[in-house]
>>> print(open('final_0.cif').read())   # mmCIF, C-alpha atoms
data_entry
loop_
_atom_site.group_PDB
_atom_site.id
_atom_site.type_symbol
_atom_site.label_atom_id
_atom_site.label_comp_id
_atom_site.auth_asym_id
_atom_site.auth_seq_id
_atom_site.Cartn_x
_atom_site.Cartn_y
_atom_site.Cartn_z
ATOM 1 C CA MET A 14 0.000 0.000 0.000
ATOM 2 C CA ARG A 15 1.290 3.448 -0.968
ATOM 3 C CA LYS A 16 2.280 5.677 1.989
ATOM 4 C CA LEU A 17 1.726 9.447 2.050
ATOM 5 C CA ALA A 18 2.428 12.410 4.334
ATOM 6 C CA PHE A 19 -0.408 14.763 5.355
ATOM 7 C CA TYR A 20 0.578 18.325 6.195
ATOM 8 C CA ASN A 21 -1.758 21.001 7.598
ATOM 9 C CA VAL A 22 -0.661 24.044 5.584
ATOM 10 C CA SER A 23 -2.889 26.387 7.608
ATOM 11 C CA LYS A 24 -1.275 25.433 10.924
ATOM 12 C CA GLN A 25 2.106 24.225 9.578
ATOM 13 C CA THR A 26 1.775 20.910 11.401
ATOM 14 C CA LEU A 27 2.218 17.301 10.320
ATOM 15 C CA LEU A 28 -0.851 15.073 10.709
ATOM 16 C CA GLY A 29 0.940 11.886 9.671
ATOM 17 C CA ASP A 30 3.913 10.771 7.597
ATOM 18 C CA SER A 31 2.973 7.146 7.039
ATOM 19 C CA VAL A 32 -0.650 7.325 5.899
ATOM 20 C CA GLY A 33 -1.823 4.454 3.708
ATOM 21 C CA LEU A 34 -4.057 5.005 0.694
ATOM 22 C CA ALA A 35 -7.296 3.005 0.376
ATOM 23 C CA GLU A 36 -8.620 3.680 -3.121
ATOM 24 C CA THR A 37 -9.927 0.339 -4.340
ATOM 25 C CA SER A 38 -13.293 -1.003 -3.256
ATOM 26 C CA ALA A 39 -11.648 -3.850 -1.332
ATOM 27 C CA GLU A 40 -9.195 -1.527 0.442
ATOM 28 C CA ARG A 41 -11.986 0.875 1.423
ATOM 29 C CA ARG A 42 -14.156 -1.968 2.776
ATOM 30 C CA ARG A 43 -11.278 -3.436 4.811
ATOM 31 C CA GLY A 44 -10.126 -0.052 6.152
ATOM 32 C CA LEU A 45 -8.584 -0.433 9.603
ATOM 33 C CA LEU A 46 -10.792 -3.346 10.669
ATOM 34 C CA LYS A 47 -7.985 -5.901 11.006
ATOM 35 C CA ARG A 48 -5.680 -3.514 12.863
ATOM 36 C CA ASP A 49 -5.191 -3.353 16.632
ATOM 37 C CA GLY A 50 -4.160 0.303 16.572
ATOM 38 C CA LEU A 51 -2.290 3.053 14.782
ATOM 39 C CA GLY A 52 1.234 4.110 15.634
ATOM 40 C CA GLN A 53 2.493 7.683 15.666
ATOM 41 C CA GLY A 54 2.429 9.108 12.141
ATOM 42 C CA GLU A 55 0.240 6.303 10.773
ATOM 43 C CA GLY A 56 -3.224 6.576 9.297
ATOM 44 C CA LEU A 57 -5.482 5.685 6.393
ATOM 45 C CA TRP A 58 -6.752 7.968 3.624
ATOM 46 C CA ILE A 59 -10.001 6.654 2.111
ATOM 47 C CA VAL A 60 -10.782 7.952 -1.407
ATOM 48 C CA PRO A 61 -13.526 8.487 -2.457
ATOM 49 C CA CYS A 62 -15.456 8.629 0.805
ATOM 50 C CA GLU A 63 -18.018 10.864 2.464
ATOM 51 C CA ALA A 64 -19.098 8.573 5.324
ATOM 52 C CA ILE A 65 -17.420 6.067 7.628
ATOM 53 C CA HIS A 66 -18.372 3.672 10.381
ATOM 54 C CA THR A 67 -16.397 2.143 13.219
ATOM 55 C CA PHE A 68 -18.409 -1.034 13.713
ATOM 56 C CA PHE A 69 -16.063 -3.882 14.722
ATOM 57 C CA MET A 70 -13.134 -1.472 15.205
ATOM 58 C CA ARG A 71 -10.840 -2.395 18.079
ATOM 59 C CA PHE A 72 -9.671 1.136 18.910
ATOM 60 C CA PRO A 73 -10.858 4.773 18.700
ATOM 61 C CA ILE A 74 -9.618 7.114 15.944
ATOM 62 C CA ASP A 75 -9.496 10.776 14.981
ATOM 63 C CA VAL A 76 -11.311 11.448 11.703
ATOM 64 C CA VAL A 77 -10.685 14.282 9.234
ATOM 65 C CA PHE A 78 -13.138 14.762 6.354
ATOM 66 C CA LEU A 79 -11.659 16.528 3.302
ATOM 67 C CA ALA A 80 -13.330 18.326 0.387
ATOM 68 C CA LYS A 81 -12.088 17.898 -3.177
ATOM 69 C CA ASP A 82 -9.737 20.885 -2.688
ATOM 70 C CA LYS A 83 -8.321 19.195 0.476
ATOM 71 C CA ARG A 84 -9.942 21.651 2.886
ATOM 72 C CA VAL A 85 -11.229 20.183 6.148
ATOM 73 C CA THR A 86 -15.040 19.953 6.100
ATOM 74 C CA LYS A 87 -15.554 18.116 9.393
ATOM 75 C CA LEU A 88 -13.576 16.716 12.330
ATOM 76 C CA VAL A 89 -14.441 13.873 14.684
ATOM 77 C CA GLY A 90 -12.037 13.452 17.571
ATOM 78 C CA ARG A 91 -11.808 10.209 19.534
ATOM 79 C CA MET A 92 -14.437 8.375 17.476
ATOM 80 C CA LYS A 93 -15.293 5.187 19.358
ATOM 81 C CA SER A 94 -16.367 1.791 18.064
ATOM 82 C CA SER A 95 -19.886 1.296 16.675
ATOM 83 C CA ARG A 96 -20.339 4.878 15.465
ATOM 84 C CA VAL A 97 -21.181 6.447 12.065
ATOM 85 C CA SER A 98 -20.109 9.846 10.769
ATOM 86 C CA LEU A 99 -20.509 11.639 7.440
ATOM 87 C CA SER A 100 -19.951 14.916 5.651
ATOM 88 C CA TRP A 101 -21.866 15.498 2.426
ATOM 89 C CA ARG A 102 -19.231 18.029 1.333
ATOM 90 C CA ALA A 103 -16.376 15.558 1.808
ATOM 91 C CA ARG A 104 -14.583 13.755 -1.016
ATOM 92 C CA SER A 105 -12.255 11.746 1.220
ATOM 93 C CA VAL A 106 -11.561 10.828 4.848
ATOM 94 C CA VAL A 107 -8.331 10.506 6.816
ATOM 95 C CA GLU A 108 -8.355 8.170 9.823
ATOM 96 C CA LEU A 109 -5.619 8.977 12.340
ATOM 97 C CA PRO A 110 -4.515 8.029 15.861
ATOM 98 C CA VAL A 111 -6.467 9.594 18.715
ATOM 99 C CA GLY A 112 -5.094 12.991 19.684
ATOM 100 C CA VAL A 113 -3.772 14.092 16.284
ATOM 101 C CA ILE A 114 -6.556 16.634 15.689
ATOM 102 C CA GLU A 115 -5.902 18.274 19.060
ATOM 103 C CA GLU A 116 -2.089 18.096 18.845
ATOM 104 C CA THR A 117 -2.009 19.665 15.371
ATOM 105 C CA ARG A 118 -4.734 22.239 16.181
ATOM 106 C CA THR A 119 -6.551 21.195 12.997
ATOM 107 C CA GLU A 120 -9.847 23.021 12.403
ATOM 108 C CA VAL A 121 -12.627 23.029 9.825
ATOM 109 C CA GLY A 122 -11.468 25.110 6.857
ATOM 110 C CA ASP A 123 -7.759 24.243 7.217
ATOM 111 C CA LEU A 124 -5.939 23.332 3.999
ATOM 112 C CA ILE A 125 -4.261 19.918 3.958
ATOM 113 C CA GLU A 126 -1.400 19.116 1.596
ATOM 114 C CA ILE A 127 -0.721 15.505 0.656
ATOM 115 C CA ARG A 128 2.873 14.647 -0.156
ATOM 116 C CA GLU A 129 4.451 11.509 -1.590
ATOM 117 C CA ARG A 130 6.884 9.937 0.864
ATOM 118 C CA ASP A 131 10.480 9.803 -0.270
#
>>> encode(input="final_0.cif", output="structure tokens")
Amino acid sequence: MRKLAFYNVSKQTLLGDSVGLAETSAERRRGLLKRDGLGQGEGLWIVPCEAIHTFFMRFPIDVVFLAKDKRVTKLVGRMKSSRVSLSWRARSVVELPVGVIEETRTEVGDLIEIRERD
């Protein structure tokens, strides 16, 4: 799976530098379901996506919904298991370890830049 870095241009903070890309139907369905957690810098970018669920997830996550222009449309911090969240304006979703939204001061409207890892 391709790994990417997500940078909050508005706040000049790094959301994650080892974020996997889920772009096929199978990858999007699998998501993080077989994982026991996310390490620092890890995450999953789901494209296309405007809604997620955490049924059968083993750990909470921070969720960042992104519009087509990579602006944050919605944030869900510490999303627990068995929950659903959506943003009709979103084109994709980034799932990150708990605490990333708060640590990076990410807010709705922030611009996120996605960089290829070297």
>>> resolve_selection(input="final_0.cif", expression="the PyMOL selection byres ((chain A and resi 16-29) around 12)", output="VMD selection string")
chain A and resid 14 to 15 30 to 35 51 to 58 75 to 77 79 83 to 85 106 to 131
>>> residues_near_point(input="final_0.cif", point="(-17.9, 2.6, 16.3)", cutoff="12 Å", atoms="all atoms listed in the file", output="PyMOL selection string")
chain A and resi 45-46+65-76+89+91-98
>>> closest_residue(input="final_0.cif", among="A:Ser38, A:Arg104, A:Leu99, A:Ala64", to="Asp82 of chain A", atoms="all atoms listed in the file")
A:Arg104
>>> atom_distance(input="final_0.cif", atom1="atom CA of Ala103 of chain A", atom2="atom CA of Pro61 of chain A")
8.7 Å
>>> atom_distance(input="final_0.cif", atom1="atom CA of Asp49 of chain A", atom2="atom CA of Gly90 of chain A")
18.2 Å
>>> atom_distance(input="final_0.cif", atom1="atom CA of Trp101 of chain A", atom2="atom CA of Leu88 of chain A")
13.0 Å
>>> decode(input="final_0.cif", residues="segment 50-62 of chain A", atoms="all heavy atoms", output="PDB file, in the first residue's frame")
ATOM      1  N   GLY A  50      -4.450  -1.076  16.212  1.00  0.00           N
ATOM      2  CA  GLY A  50      -4.160   0.303  16.572  1.00  0.00           C
ATOM      3  C   GLY A  50      -3.371   0.987  15.477  1.00  0.00           C
ATOM      4  O   GLY A  50      -3.009   0.374  14.479  1.00  0.00           O
ATOM      5  N   LEU A  51      -3.110   2.257  15.695  1.00  0.00           N
ATOM      6  CA  LEU A  51      -2.290   3.053  14.782  1.00  0.00           C
ATOM      7  C   LEU A  51      -1.128   3.628  15.570  1.00  0.00           C
ATOM      8  O   LEU A  51      -1.317   4.167  16.658  1.00  0.00           O
ATOM      9  CB  LEU A  51      -3.101   4.206  14.183  1.00  0.00           C
ATOM     10  CG  LEU A  51      -4.169   3.854  13.168  1.00  0.00           C
ATOM     11  CD1 LEU A  51      -5.029   5.082  12.856  1.00  0.00           C
ATOM     12  CD2 LEU A  51      -3.537   3.320  11.898  1.00  0.00           C
ATOM     13  N   GLY A  52       0.066   3.513  15.012  1.00  0.00           N
ATOM     14  CA  GLY A  52       1.234   4.110  15.634  1.00  0.00           C
ATOM     15  C   GLY A  52       1.341   5.581  15.288  1.00  0.00           C
ATOM     16  O   GLY A  52       0.613   6.099  14.436  1.00  0.00           O
ATOM     17  N   GLN A  53       2.270   6.272  15.932  1.00  0.00           N
ATOM     18  CA  GLN A  53       2.493   7.683  15.666  1.00  0.00           C
ATOM     19  C   GLN A  53       2.845   7.873  14.190  1.00  0.00           C
ATOM     20  O   GLN A  53       3.670   7.150  13.646  1.00  0.00           O
ATOM     21  CB  GLN A  53       3.615   8.214  16.541  1.00  0.00           C
ATOM     22  CG  GLN A  53       3.830   9.693  16.390  1.00  0.00           C
ATOM     23  CD  GLN A  53       4.880  10.209  17.353  1.00  0.00           C
ATOM     24  OE1 GLN A  53       5.460   9.481  18.136  1.00  0.00           O
ATOM     25  NE2 GLN A  53       5.128  11.505  17.290  1.00  0.00           N
ATOM     26  N   GLY A  54       2.177   8.810  13.547  1.00  0.00           N
ATOM     27  CA  GLY A  54       2.429   9.108  12.141  1.00  0.00           C
ATOM     28  C   GLY A  54       1.641   8.259  11.163  1.00  0.00           C
ATOM     29  O   GLY A  54       1.608   8.545   9.978  1.00  0.00           O
ATOM     30  N   GLU A  55       1.002   7.193  11.649  1.00  0.00           N
ATOM     31  CA  GLU A  55       0.240   6.303  10.773  1.00  0.00           C
ATOM     32  C   GLU A  55      -1.189   6.809  10.570  1.00  0.00           C
ATOM     33  O   GLU A  55      -1.673   7.647  11.325  1.00  0.00           O
ATOM     34  CB  GLU A  55       0.184   4.885  11.361  1.00  0.00           C
ATOM     35  CG  GLU A  55       1.506   4.187  11.364  1.00  0.00           C
ATOM     36  CD  GLU A  55       1.386   2.756  11.860  1.00  0.00           C
ATOM     37  OE1 GLU A  55       0.533   2.480  12.737  1.00  0.00           O
ATOM     38  OE2 GLU A  55       2.147   1.915  11.363  1.00  0.00           O
ATOM     39  N   GLY A  56      -1.841   6.251   9.561  1.00  0.00           N
ATOM     40  CA  GLY A  56      -3.224   6.576   9.297  1.00  0.00           C
ATOM     41  C   GLY A  56      -3.692   5.913   8.025  1.00  0.00           C
ATOM     42  O   GLY A  56      -2.967   5.113   7.423  1.00  0.00           O
ATOM     43  N   LEU A  57      -4.910   6.227   7.623  1.00  0.00           N
ATOM     44  CA  LEU A  57      -5.482   5.685   6.393  1.00  0.00           C
ATOM     45  C   LEU A  57      -6.299   6.773   5.720  1.00  0.00           C
ATOM     46  O   LEU A  57      -7.167   7.396   6.340  1.00  0.00           O
ATOM     47  CB  LEU A  57      -6.376   4.479   6.693  1.00  0.00           C
ATOM     48  CG  LEU A  57      -6.959   3.775   5.475  1.00  0.00           C
ATOM     49  CD1 LEU A  57      -5.852   3.110   4.645  1.00  0.00           C
ATOM     50  CD2 LEU A  57      -7.986   2.737   5.900  1.00  0.00           C
ATOM     51  N   TRP A  58      -6.008   7.008   4.437  1.00  0.00           N
ATOM     52  CA  TRP A  58      -6.752   7.968   3.624  1.00  0.00           C
ATOM     53  C   TRP A  58      -7.690   7.178   2.725  1.00  0.00           C
ATOM     54  O   TRP A  58      -7.245   6.368   1.908  1.00  0.00           O
ATOM     55  CB  TRP A  58      -5.797   8.809   2.796  1.00  0.00           C
ATOM     56  CG  TRP A  58      -6.436   9.891   1.979  1.00  0.00           C
ATOM     57  CD1 TRP A  58      -7.562  10.603   2.278  1.00  0.00           C
ATOM     58  CD2 TRP A  58      -5.962  10.406   0.737  1.00  0.00           C
ATOM     59  NE1 TRP A  58      -7.820  11.530   1.299  1.00  0.00           N
ATOM     60  CE2 TRP A  58      -6.848  11.433   0.332  1.00  0.00           C
ATOM     61  CE3 TRP A  58      -4.887  10.105  -0.077  1.00  0.00           C
ATOM     62  CZ2 TRP A  58      -6.682  12.145  -0.843  1.00  0.00           C
ATOM     63  CZ3 TRP A  58      -4.715  10.816  -1.246  1.00  0.00           C
ATOM     64  CH2 TRP A  58      -5.606  11.831  -1.614  1.00  0.00           C
ATOM     65  N   ILE A  59      -8.987   7.392   2.856  1.00  0.00           N
ATOM     66  CA  ILE A  59     -10.001   6.654   2.111  1.00  0.00           C
ATOM     67  C   ILE A  59     -10.569   7.573   1.026  1.00  0.00           C
ATOM     68  O   ILE A  59     -11.141   8.612   1.324  1.00  0.00           O
ATOM     69  CB  ILE A  59     -11.124   6.161   3.047  1.00  0.00           C
ATOM     70  CG1 ILE A  59     -10.532   5.357   4.209  1.00  0.00           C
ATOM     71  CG2 ILE A  59     -12.135   5.336   2.266  1.00  0.00           C
ATOM     72  CD1 ILE A  59     -11.515   5.051   5.308  1.00  0.00           C
ATOM     73  N   VAL A  60     -10.378   7.148  -0.243  1.00  0.00           N
ATOM     74  CA  VAL A  60     -10.782   7.952  -1.407  1.00  0.00           C
ATOM     75  C   VAL A  60     -11.490   7.079  -2.417  1.00  0.00           C
ATOM     76  O   VAL A  60     -10.955   6.035  -2.792  1.00  0.00           O
ATOM     77  CB  VAL A  60      -9.543   8.575  -2.092  1.00  0.00           C
ATOM     78  CG1 VAL A  60      -9.967   9.426  -3.266  1.00  0.00           C
ATOM     79  CG2 VAL A  60      -8.692   9.346  -1.127  1.00  0.00           C
ATOM     80  N   PRO A  61     -12.644   7.424  -2.935  1.00  0.00           N
ATOM     81  CA  PRO A  61     -13.526   8.487  -2.457  1.00  0.00           C
ATOM     82  C   PRO A  61     -14.284   8.019  -1.223  1.00  0.00           C
ATOM     83  O   PRO A  61     -14.498   6.822  -1.031  1.00  0.00           O
ATOM     84  CB  PRO A  61     -14.468   8.714  -3.630  1.00  0.00           C
ATOM     85  CG  PRO A  61     -14.564   7.381  -4.299  1.00  0.00           C
ATOM     86  CD  PRO A  61     -13.207   6.748  -4.109  1.00  0.00           C
ATOM     87  N   CYS A  62     -14.729   8.977  -0.424  1.00  0.00           N
ATOM     88  CA  CYS A  62     -15.456   8.629   0.805  1.00  0.00           C
ATOM     89  C   CYS A  62     -16.095   9.880   1.389  1.00  0.00           C
ATOM     90  O   CYS A  62     -15.442  10.914   1.495  1.00  0.00           O
ATOM     91  CB  CYS A  62     -14.493   8.014   1.812  1.00  0.00           C
ATOM     92  SG  CYS A  62     -15.260   7.454   3.323  1.00  0.00           S
TER      93      CYS A  62
END
